[in-house]
>>> print(open('final.cif').read())   # mmCIF, C-alpha atoms
data_start
loop_
_atom_site.label_atom_id
_atom_site.label_comp_id
_atom_site.auth_asym_id
_atom_site.auth_seq_id
_atom_site.Cartn_x
_atom_site.Cartn_y
_atom_site.Cartn_z
CA MET F 1381 24.83 12.18 -5.30
CA LYS F 1382 21.56 12.80 -7.13
CA LEU F 1383 19.07 9.94 -7.04
CA LYS F 1384 18.21 8.44 -10.42
CA LYS F 1385 16.01 5.50 -9.45
CA VAL F 1386 14.12 4.81 -6.21
CA ILE F 1387 12.29 1.79 -4.79
CA LEU F 1388 9.51 2.75 -2.38
CA ILE F 1389 8.72 -0.31 -0.27
CA ASP F 1390 5.54 -0.81 1.73
CA GLY F 1391 7.03 -1.95 5.03
CA ASN F 1392 3.93 -3.58 6.49
CA SER F 1393 2.91 -5.22 3.22
CA LEU F 1394 6.35 -6.80 3.02
CA GLY F 1395 6.30 -7.56 6.75
CA TYR F 1396 2.90 -9.27 6.83
CA ALA F 1397 3.67 -11.29 3.70
CA SER F 1398 6.93 -12.40 5.32
CA HIS F 1399 5.13 -13.20 8.57
CA HIS F 1400 2.64 -15.50 6.85
CA THR F 1401 5.29 -18.00 5.79
CA THR F 1402 6.56 -21.10 7.55
CA LYS F 1403 6.92 -20.17 11.21
CA LEU F 1404 10.42 -19.79 12.62
CA HIS F 1405 11.12 -19.44 16.33
CA VAL F 1406 13.83 -18.39 18.71
CA GLY F 1407 12.44 -19.59 22.02
CA ASP F 1408 8.85 -18.29 22.11
CA GLN F 1409 9.60 -15.46 19.66
CA GLU F 1410 8.45 -15.84 16.06
CA VAL F 1411 11.13 -14.57 13.67
CA GLN F 1412 9.96 -15.53 10.17
CA ALA F 1413 8.83 -11.98 9.34
CA ILE F 1414 12.32 -10.68 10.16
CA PHE F 1415 14.10 -13.39 8.20
CA HIS F 1416 12.02 -13.13 5.04
CA CYS F 1417 11.95 -9.31 5.07
CA ILE F 1418 15.72 -9.06 4.93
CA LYS F 1419 15.88 -11.95 2.47
CA THR F 1420 13.46 -10.11 0.13
CA MET F 1421 15.45 -6.89 0.53
CA ARG F 1422 18.60 -8.72 -0.52
CA LYS F 1423 16.84 -10.06 -3.62
CA LEU F 1424 15.60 -6.58 -4.52
CA LEU F 1425 19.08 -5.09 -4.17
CA ARG F 1426 20.62 -7.85 -6.28
CA THR F 1427 17.98 -7.48 -9.00
CA TYR F 1428 17.72 -3.68 -8.96
CA SER F 1429 21.18 -2.62 -7.88
CA SER F 1430 20.89 0.82 -9.50
CA TYR F 1431 17.86 1.72 -7.35
CA THR F 1432 17.94 3.34 -3.91
CA PRO F 1433 15.48 1.60 -1.54
CA ILE F 1434 13.34 3.43 1.03
CA ILE F 1435 11.06 1.56 3.43
CA LEU F 1436 7.76 3.33 4.19
CA TRP F 1437 5.96 2.59 7.46
CA ASP F 1438 2.37 3.25 8.54
CA LYS F 1439 1.33 5.62 11.26
CA HIS F 1440 -2.20 6.01 12.61
CA THR F 1441 -4.30 8.28 10.37
CA GLN F 1442 -6.94 9.65 12.72
CA TRP F 1443 -8.45 11.74 9.93
CA ARG F 1444 -9.52 8.53 8.16
CA PHE F 1445 -11.25 7.23 11.31
CA ASP F 1446 -12.92 10.63 11.75
CA LEU F 1447 -14.18 10.39 8.19
CA HIS F 1448 -15.22 6.73 8.53
CA PRO F 1449 -15.31 5.35 12.10
CA MET F 1450 -15.45 1.73 10.86
CA TYR F 1451 -12.17 2.09 8.95
CA LYS F 1452 -10.15 -1.16 9.28
CA ASP F 1453 -12.67 -2.30 11.87
CA GLY F 1454 -12.48 -5.99 10.93
CA ARG F 1455 -8.77 -6.52 11.39
CA ASP F 1456 -8.97 -7.49 15.07
CA ASP F 1457 -12.42 -9.07 15.16
CA THR F 1458 -11.26 -12.55 16.23
CA PRO F 1459 -8.78 -13.76 18.86
CA GLU F 1460 -6.80 -15.46 16.09
CA LYS F 1461 -6.37 -12.18 14.19
CA VAL F 1462 -5.33 -10.39 17.37
CA ALA F 1463 -2.72 -13.07 18.12
CA GLU F 1464 -1.34 -12.97 14.57
CA ARG F 1465 -1.05 -9.18 14.60
CA LYS F 1466 0.73 -9.27 17.95
CA ALA F 1467 3.16 -11.96 16.73
CA TYR F 1468 4.00 -9.76 13.74
CA HIS F 1469 4.25 -6.50 15.71
CA ASP F 1470 6.61 -8.15 18.21
CA GLN F 1471 9.01 -8.66 15.28
CA LYS F 1472 8.81 -5.14 13.84
CA PRO F 1473 11.55 -3.61 16.05
CA TYR F 1474 13.93 -6.32 14.83
CA ILE F 1475 12.93 -5.75 11.20
CA PHE F 1476 13.59 -2.04 11.62
CA LYS F 1477 16.95 -2.67 13.31
CA CYS F 1478 18.11 -5.25 10.75
CA LEU F 1479 17.29 -2.95 7.84
CA HIS F 1480 18.99 -0.04 9.56
CA LEU F 1481 22.20 -2.06 10.07
CA LEU F 1482 22.04 -3.16 6.42
CA GLY F 1483 22.06 0.49 5.36
CA ILE F 1484 18.42 0.82 4.25
CA GLY F 1485 16.65 4.16 4.80
CA GLN F 1486 13.23 4.14 6.49
CA LEU F 1487 10.50 6.75 6.68
CA SER F 1488 7.27 7.38 8.57
CA ALA F 1489 5.20 10.45 9.36
CA GLU F 1490 2.46 11.18 11.88
CA GLU F 1491 -1.04 11.01 10.34
CA TYR F 1492 0.37 9.30 7.22
CA GLU F 1493 0.05 5.70 6.15
CA ALA F 1494 2.71 4.24 3.89
CA ASP F 1495 0.14 4.67 1.09
CA ASP F 1496 0.08 8.44 1.63
CA LEU F 1497 3.87 8.67 1.73
CA ALA F 1498 4.04 6.68 -1.49
CA GLY F 1499 1.56 9.08 -3.09
CA TYR F 1500 3.55 12.15 -2.11
CA LEU F 1501 7.00 10.71 -2.82
CA THR F 1502 6.06 9.22 -6.19
CA LYS F 1503 5.01 12.62 -7.48
CA HIS F 1504 7.99 14.29 -5.79
CA PHE F 1505 10.48 11.96 -7.48
CA THR F 1506 8.85 11.58 -10.89
CA ASP F 1507 8.53 15.37 -11.21
CA GLN F 1508 12.33 15.35 -11.03
CA ASP F 1509 12.57 12.63 -13.72
CA ILE F 1510 13.57 10.07 -11.09
CA LYS F 1511 12.22 6.61 -11.90
CA VAL F 1512 10.17 4.96 -9.15
CA MET F 1513 9.39 1.33 -8.42
CA LEU F 1514 6.62 0.66 -5.90
CA VAL F 1515 7.04 -2.63 -4.04
CA THR F 1516 3.85 -3.75 -2.30
CA GLY F 1517 1.04 -6.25 -2.49
CA ASP F 1518 -1.43 -3.38 -2.02
CA GLN F 1519 -3.17 -2.77 -5.32
CA ASP F 1520 -4.30 0.69 -4.18
CA TRP F 1521 -0.77 1.84 -5.06
CA ILE F 1522 -1.39 0.98 -8.73
CA GLN F 1523 -3.11 4.37 -9.11
CA LEU F 1524 0.41 5.91 -8.93
CA VAL F 1525 1.71 4.06 -12.01
CA SER F 1526 2.92 6.22 -14.89
CA ASP F 1527 5.57 6.19 -17.60
CA LYS F 1528 8.08 6.90 -14.80
CA CYS F 1529 6.61 4.63 -12.13
CA VAL F 1530 5.94 0.88 -11.99
CA TRP F 1531 4.20 -1.25 -9.36
CA TYR F 1532 5.68 -4.61 -8.37
CA ASP F 1533 4.26 -7.31 -6.11
CA THR F 1534 7.18 -9.47 -4.98
CA ILE F 1535 4.94 -12.20 -3.56
CA ARG F 1536 2.93 -12.82 -6.73
CA ASP F 1537 5.70 -11.62 -9.06
CA LYS F 1538 3.31 -9.24 -10.83
CA THR F 1539 4.33 -5.94 -12.43
CA VAL F 1540 2.08 -3.12 -13.61
CA ASN F 1541 3.44 -0.34 -15.80
CA ALA F 1542 1.98 2.27 -18.12
CA ASN F 1543 1.74 -0.27 -20.93
CA ASN F 1544 -0.27 -2.96 -19.14
CA PHE F 1545 -2.19 -0.73 -16.71
CA ALA F 1546 -5.50 -0.97 -18.56
CA GLU F 1547 -5.19 -4.72 -19.12
CA PHE F 1548 -4.38 -5.39 -15.46
CA THR F 1549 -6.89 -3.03 -13.85
CA GLY F 1550 -9.73 -2.88 -16.37
CA TYR F 1551 -9.54 0.94 -16.41
CA ILE F 1552 -7.90 3.18 -18.98
CA ASN F 1553 -6.44 5.65 -16.49
CA ALA F 1554 -5.74 6.23 -12.80
CA GLN F 1555 -8.76 8.51 -12.27
CA TYR F 1556 -11.15 5.82 -13.44
CA PHE F 1557 -9.26 3.20 -11.40
CA VAL F 1558 -9.71 5.20 -8.18
CA GLU F 1559 -13.34 5.92 -9.01
CA GLY F 1560 -13.89 2.20 -9.55
CA LYS F 1561 -12.36 1.43 -6.15
CA ALA F 1562 -14.55 4.08 -4.52
CA LEU F 1563 -17.67 2.62 -6.13
CA GLN F 1564 -16.85 -0.92 -4.97
CA GLY F 1565 -15.51 -0.09 -1.52
CA ASP F 1566 -12.78 -2.15 0.12
CA GLY F 1567 -13.71 -4.99 2.42
CA SER F 1568 -10.15 -5.39 3.71
CA ASP F 1569 -10.32 -1.83 5.10
CA THR F 1570 -14.02 -2.11 6.05
CA ILE F 1571 -14.98 0.59 3.55
CA PRO F 1572 -18.47 0.02 2.10
CA GLY F 1573 -19.18 0.58 -1.56
CA VAL F 1574 -22.02 2.72 -2.81
CA GLY F 1575 -24.42 -0.22 -2.73
CA GLY F 1576 -24.80 -2.73 -5.54
CA ILE F 1577 -21.85 -1.80 -7.79
CA GLY F 1578 -19.22 -4.51 -7.45
CA ALA F 1579 -15.98 -5.58 -9.09
CA LYS F 1580 -17.70 -6.36 -12.40
CA GLY F 1581 -20.17 -3.51 -12.35
CA ALA F 1582 -17.71 -0.70 -11.52
CA PRO F 1583 -15.65 -0.80 -14.76
CA GLU F 1584 -18.85 -1.28 -16.76
CA PHE F 1585 -20.37 1.79 -15.09
CA ILE F 1586 -17.25 3.88 -15.74
CA MET F 1587 -17.10 2.77 -19.37
CA GLN F 1588 -20.80 3.39 -20.01
CA TYR F 1589 -20.94 6.88 -18.51
CA GLY F 1590 -17.38 8.13 -19.02
CA GLY F 1591 -16.63 8.45 -15.32
CA VAL F 1592 -18.58 9.45 -12.24
CA ALA F 1593 -18.37 13.22 -12.82
CA ARG F 1594 -19.93 12.82 -16.26
CA PHE F 1595 -22.65 10.53 -14.87
CA LEU F 1596 -23.56 13.03 -12.15
CA GLN F 1597 -23.63 15.84 -14.68
CA LEU F 1598 -26.06 13.89 -16.87
CA ALA F 1599 -28.18 13.08 -13.81
CA ASP F 1600 -28.34 16.69 -12.64
CA GLU F 1601 -29.21 17.89 -16.14
CA GLY F 1602 -32.01 15.31 -16.44
CA LYS F 1603 -30.33 13.62 -19.39
CA LEU F 1604 -30.38 10.04 -18.10
CA PRO F 1605 -33.01 7.58 -19.36
CA GLU F 1606 -36.22 7.52 -17.32
CA LYS F 1607 -35.93 3.81 -16.62
CA LEU F 1608 -32.68 2.91 -14.89
CA PRO F 1609 -31.56 -0.07 -12.80
CA LYS F 1610 -32.35 0.61 -9.14
CA VAL F 1611 -28.65 0.82 -8.22
CA ILE F 1612 -28.02 3.48 -10.86
CA SER F 1613 -31.19 5.38 -10.00
CA ARG F 1614 -30.14 5.54 -6.32
CA PHE F 1615 -26.81 7.05 -7.36
CA ALA F 1616 -28.45 9.61 -9.62
CA ASN F 1617 -30.88 10.68 -6.91
CA ASN F 1618 -28.44 10.42 -3.97
CA GLU F 1619 -30.65 7.94 -2.15
CA VAL F 1620 -29.62 5.79 0.80
CA PRO F 1621 -28.91 2.13 -0.08
CA PRO F 1622 -30.42 -0.66 2.03
CA ALA F 1623 -28.61 -1.24 5.32
CA SER F 1624 -25.82 -3.82 5.26
CA LYS F 1625 -25.17 -6.61 7.79
CA LYS F 1626 -21.47 -5.76 7.77
CA TYR F 1627 -21.63 -1.97 7.63
CA GLY F 1628 -25.01 -1.09 9.13
CA GLU F 1629 -26.66 2.08 7.87
CA LEU F 1630 -25.01 3.49 4.76
CA LEU F 1631 -24.60 7.05 3.56
CA PRO F 1632 -26.54 8.43 0.59
CA VAL F 1633 -24.77 7.10 -2.48
CA ARG F 1634 -23.12 10.31 -3.66
CA ASP F 1635 -21.93 11.09 -0.14
CA GLY F 1636 -20.53 7.59 0.27
CA PHE F 1637 -18.69 7.85 -3.02
CA GLU F 1638 -17.19 11.22 -2.09
CA ARG F 1639 -16.03 9.85 1.27
CA ASN F 1640 -14.45 6.82 -0.39
CA MET F 1641 -12.56 9.01 -2.83
CA LYS F 1642 -11.09 10.95 0.09
CA LEU F 1643 -10.10 7.72 1.81
CA MET F 1644 -8.61 6.04 -1.26
CA ASP F 1645 -7.13 8.69 -3.55
CA LEU F 1646 -3.36 8.85 -2.93
CA ARG F 1647 -2.38 11.00 -5.89
CA ASN F 1648 -2.60 14.40 -4.20
CA ALA F 1649 -1.04 13.53 -0.83
CA LYS F 1650 0.64 16.57 0.66
CA LYS F 1651 4.21 16.78 1.91
CA PRO F 1652 4.34 15.88 5.62
CA SER F 1653 5.73 18.55 7.90
CA ALA F 1654 9.30 18.25 9.12
CA GLU F 1655 8.03 17.99 12.70
CA ALA F 1656 5.77 15.03 11.80
CA THR F 1657 8.38 13.16 9.77
CA ASN F 1658 10.70 10.47 11.09
CA ALA F 1659 13.36 9.76 8.47
CA VAL F 1660 16.02 7.28 9.58
CA LYS F 1661 19.02 6.97 7.32
CA GLY F 1662 20.42 3.46 7.17
CA LYS F 1663 23.84 2.95 8.76
CA PHE F 1664 25.56 -0.15 7.41
CA ASN F 1665 27.30 -2.07 10.17
CA ARG F 1666 28.29 -5.63 9.34
CA ALA F 1667 29.57 -6.51 12.81
CA LYS F 1668 26.38 -5.45 14.58
CA PHE F 1669 24.24 -7.13 11.93
CA GLU F 1670 26.13 -10.39 12.43
CA GLU F 1671 25.61 -10.05 16.17
CA LEU F 1672 21.88 -9.58 15.64
CA CYS F 1673 21.74 -12.60 13.31
CA GLY F 1674 23.35 -14.63 16.08
CA GLU F 1675 20.71 -13.44 18.53
CA LEU F 1676 17.97 -14.42 16.08
CA ALA F 1677 19.62 -17.76 15.17
CA PHE F 1678 19.79 -16.94 11.43
CA GLN F 1679 22.42 -19.60 10.92
CA SER F 1680 21.98 -19.89 7.16
CA ILE F 1681 22.96 -16.22 6.84
CA LEU F 1682 25.84 -16.49 9.29
CA ASN F 1683 27.26 -19.53 7.49
CA ASN F 1684 27.45 -17.59 4.23
CA MET F 1685 27.88 -14.03 5.47
CA ASP F 1686 30.55 -12.85 3.01
CA THR F 1687 28.33 -13.65 0.05
CA TRP F 1688 25.01 -12.90 1.69
CA ILE F 1689 25.83 -9.36 2.77
CA GLN F 1690 27.58 -8.34 -0.46
CA PRO F 1691 24.62 -6.47 -2.11
CA PHE F 1692 24.17 -4.33 1.01
CA GLU F 1693 27.91 -3.72 1.32
CA GLU F 1694 28.15 -2.64 -2.30
CA LYS F 1695 25.17 -0.28 -1.91
CA ALA F 1696 26.70 1.24 1.25
CA ASN F 1697 30.05 1.76 -0.47
CA GLY F 1698 28.56 2.95 -3.76
#
>>> encode(input="final.cif", output="structure tokens")
Amino acid sequence: MKLKKVILIDGNSLGYASHHTTKLHVGDQEVQAIFHCIKTMRKLLRTYSSYTPIILWDKHTQWRFDLHPMYKDGRDDTPEKVAERKAYHDQKPYIFKCLHLLGIGQLSAEEYEADDLAGYLTKHFTDQDIKVMLVTGDQDWIQLVSDKCVWYDTIRDKTVNANNFAEFTGYINAQYFVEGKALQGDGSDTIPGVGGIGAKGAPEFIMQYGGVARFLQLADEGKLPEKLPKVISRFANNEVPPASKKYGELLPVRDGFERNMKLMDLRNAKKPSAEATNAVKGKFNRAKFEELCGELAFQSILNNMDTWIQPFEEKANG
């Protein structure tokens, strides 16, 4: 059966959001990430029953660390963060198993984050006129929005489509959006900006100069005004910004911008090789799912199993 509509779901975005809810325990094991992941999947299937869901999981992308050794450096910088990450990661095998038994396909690939898989698959599907919904809290994925692709954040209940893209992002197209991100940097991934161009200044810069490529062309042709703000002058002349407490010594501005574009631009992600890809087709199995719910003490699901499992059963039989 040919796919007509696909939901690409950021597994760790969904998982972490589910983890940071009211804590649930079975013995010493936290289980809230498992419970709320499958609960959200049920809601998605009920609301978007004509879509085929695929969960995308992160793998380590060494090439990003080679390009920027501080990449994601701040995620384990306190004992509390380390403990929270461990509590979530201890639940991931159960999340994977529950989704598998509910018939949901899952995908990962060596040297690909879920972001990269979303970039490749969105183009792959939309080129075939297959509609795509991206489910994640990660706003980096918004760069993939088009007339055939929408972005949806289930936690904040926010949707971005081709019609409200500019209003939501402050940029008229995906190229400018990615350039704006590269100018600002991304503190959550420990990626420094170019130095002095922040969330307000980036869209203003893009609007004033018509994008970074046009700005650099004007700079190289000597067509910029003689008197420029120091931040803009540094960019034009590829100077090194002042060192940062968080990031230390920074690259010359143009070099930093180019690096950030490589780190952040998902639109040209290549197809992963067959050898690197781990695609697990869901295999609906109500009996084994019930058994797992018993192990995890998901009594509210067990008490209402016939109704609760219906969206997954219908998808498996459809």
>>> resolve_selection(input="final.cif", expression="the PyMOL selection byres ((chain F and resi 1545-1550) around 10)", output="JSON, numbers by chain")
{"F": [1519, 1522, 1523, 1525, 1526, 1530, 1531, 1538, 1539, 1540, 1541, 1542, 1543, 1544, 1551, 1552, 1553, 1554, 1556, 1557, 1560, 1579, 1580, 1582, 1583, 1584, 1587]}
>>> atom_distance(input="final.cif", atom1="atom CA of Thr1516 of chain F", atom2="atom CA of Trp1437 of chain F")
11.8 Å
>>> closest_residue(input="final.cif", among="F:Leu1383, F:Gln1486, F:Tyr1627, F:Thr1458", to="Ser1430 of chain F", atoms="all atoms listed in the file")
F:Leu1383
>>> atom_distance(input="final.cif", atom1="atom CA of Ala1413 of chain F", atom2="atom CA of Ser1398 of chain F")
4.5 Å
>>> resolve_selection(input="final.cif", expression="the PyMOL selection byres ((chain F and resi 1491-1504) around 10)", output="ChimeraX atom specification")
/F:1386-1393,1435-1444,1487-1490,1505-1514,1516,1518,1520-1521,1523-1526,1528-1529,1644-1652,1656-1657
>>> resolve_selection(input="final.cif", expression="the PyMOL selection byres ((chain F and resi 1533) around 6)", output="list in words")
Val1515, Thr1516, Gly1517, Tyr1532, Thr1534, Ile1535, Arg1536, Asp1537 and Lys1538 of chain F
>>> write_last_selection(input="final.cif", atoms="C-alpha atoms", output="PDB file, keeping the file's coordinate frame")
ATOM      1  CA  VAL F1515       7.040  -2.630  -4.040  1.00  0.00           C
ATOM      2  CA  THR F1516       3.850  -3.750  -2.300  1.00  0.00           C
ATOM      3  CA  GLY F1517       1.040  -6.250  -2.490  1.00  0.00           C
ATOM      4  CA  TYR F1532       5.680  -4.610  -8.370  1.00  0.00           C
ATOM      5  CA  THR F1534       7.180  -9.470  -4.980  1.00  0.00           C
ATOM      6  CA  ILE F1535       4.940 -12.200  -3.560  1.00  0.00           C
ATOM      7  CA  ARG F1536       2.930 -12.820  -6.730  1.00  0.00           C
ATOM      8  CA  ASP F1537       5.700 -11.620  -9.060  1.00  0.00           C
ATOM      9  CA  LYS F1538       3.310  -9.240 -10.830  1.00  0.00           C
TER      10      LYS F1538
END
>>> atom_distance(input="final.cif", atom1="atom CA of Arg1634 of chain F", atom2="atom CA of Asp1446 of chain F")
18.5 Å
>>> decode(input="final.cif", residues="segment 1571-1667 of chain F", atoms="C-alpha atoms", output="compact mmCIF listing (two decimals), in the first residue's frame")
# COMPACT_ATOMS: atom_id res chain seq x y z
CA ILE F 1571 26.95 26.25 19.55
CA PRO F 1572 28.22 29.85 19.76
CA GLY F 1573 26.83 32.54 17.52
CA VAL F 1574 28.99 34.81 15.43
CA GLY F 1575 29.35 37.29 18.28
CA GLY F 1576 26.85 40.03 19.04
CA ILE F 1577 23.96 39.08 16.72
CA GLY F 1578 21.15 37.69 18.86
CA ALA F 1579 17.51 36.68 18.51
CA LYS F 1580 16.42 40.24 17.72
CA GLY F 1581 19.40 41.22 15.64
CA ALA F 1582 19.48 38.16 13.35
CA PRO F 1583 16.16 38.76 11.52
CA GLU F 1584 16.95 42.49 11.33
CA PHE F 1585 20.34 41.69 9.76
CA ILE F 1586 18.78 39.29 7.25
CA MET F 1587 16.07 41.79 6.32
CA GLN F 1588 18.49 44.70 5.96
CA TYR F 1589 21.03 42.91 3.77
CA GLY F 1590 18.88 40.32 1.98
CA GLY F 1591 20.66 37.34 3.49
CA VAL F 1592 24.22 36.51 4.45
CA ALA F 1593 25.44 35.71 0.92
CA ARG F 1594 24.32 39.14 -0.28
CA PHE F 1595 25.94 40.84 2.73
CA LEU F 1596 29.27 39.10 2.11
CA GLN F 1597 29.11 40.00 -1.57
CA LEU F 1598 28.61 43.67 -0.70
CA ALA F 1599 31.46 43.48 1.82
CA ASP F 1600 33.88 41.87 -0.64
CA GLU F 1601 32.98 44.40 -3.33
CA GLY F 1602 33.54 47.32 -0.92
CA LYS F 1603 29.93 48.44 -1.19
CA LEU F 1604 29.10 48.61 2.52
CA PRO F 1605 29.05 51.98 4.31
CA GLU F 1606 32.38 53.02 5.81
CA LYS F 1607 30.92 53.36 9.30
CA LEU F 1608 29.32 50.15 10.52
CA PRO F 1609 28.42 48.81 13.97
CA LYS F 1610 31.39 46.88 15.35
CA VAL F 1611 29.50 43.56 15.16
CA ILE F 1612 28.74 44.07 11.47
CA SER F 1613 32.25 45.30 10.70
CA ARG F 1614 33.74 42.15 12.30
CA PHE F 1615 31.56 40.00 10.05
CA ALA F 1616 32.51 41.94 6.94
CA ASN F 1617 36.22 41.68 7.72
CA ASN F 1618 36.15 38.11 9.11
CA GLU F 1619 37.59 39.22 12.44
CA VAL F 1620 37.62 37.18 15.64
CA PRO F 1621 34.99 38.21 18.21
CA PRO F 1622 35.98 38.71 21.86
CA ALA F 1623 36.40 35.46 23.79
CA SER F 1624 33.31 34.18 25.59
CA LYS F 1625 33.09 32.85 29.16
CA LYS F 1626 30.94 29.96 27.95
CA TYR F 1627 32.68 29.14 24.67
CA GLY F 1628 36.23 30.39 25.12
CA GLU F 1629 38.06 31.53 22.00
CA LEU F 1630 35.76 31.95 19.01
CA LEU F 1631 36.39 31.46 15.31
CA PRO F 1632 36.61 34.37 12.89
CA VAL F 1633 33.03 35.41 12.22
CA ARG F 1634 32.66 34.10 8.68
CA ASP F 1635 34.25 30.79 9.64
CA GLY F 1636 31.96 30.46 12.65
CA PHE F 1637 28.92 31.16 10.52
CA GLU F 1638 29.96 28.57 7.92
CA ARG F 1639 30.50 25.96 10.65
CA ASN F 1640 27.11 26.70 12.18
CA MET F 1641 25.39 26.29 8.83
CA LYS F 1642 26.96 22.85 8.47
CA LEU F 1643 25.83 21.91 11.96
CA MET F 1644 22.28 23.25 11.64
CA ASP F 1645 21.15 22.92 8.03
CA LEU F 1646 19.02 19.75 7.72
CA ARG F 1647 17.60 20.35 4.25
CA ASN F 1648 20.27 18.52 2.25
CA ALA F 1649 20.76 15.48 4.49
CA LYS F 1650 21.86 12.49 2.44
CA LYS F 1651 20.25 9.07 2.44
CA PRO F 1652 21.90 6.85 5.07
CA SER F 1653 23.49 3.68 3.77
CA ALA F 1654 21.64 0.40 4.18
CA GLU F 1655 24.46 -0.89 6.39
CA ALA F 1656 24.14 2.11 8.75
CA THR F 1657 20.35 2.02 8.97
CA ASN F 1658 18.33 0.23 11.62
CA ALA F 1659 14.69 0.16 10.55
CA VAL F 1660 12.41 -1.80 12.88
CA LYS F 1661 8.92 -2.44 11.61
CA GLY F 1662 6.30 -2.41 14.34
CA LYS F 1663 4.67 -5.75 15.13
CA PHE F 1664 1.33 -5.30 16.86
CA ASN F 1665 0.88 -7.80 19.68
CA ARG F 1666 -1.88 -7.03 22.16
CA ALA F 1667 -1.13 -9.92 24.50
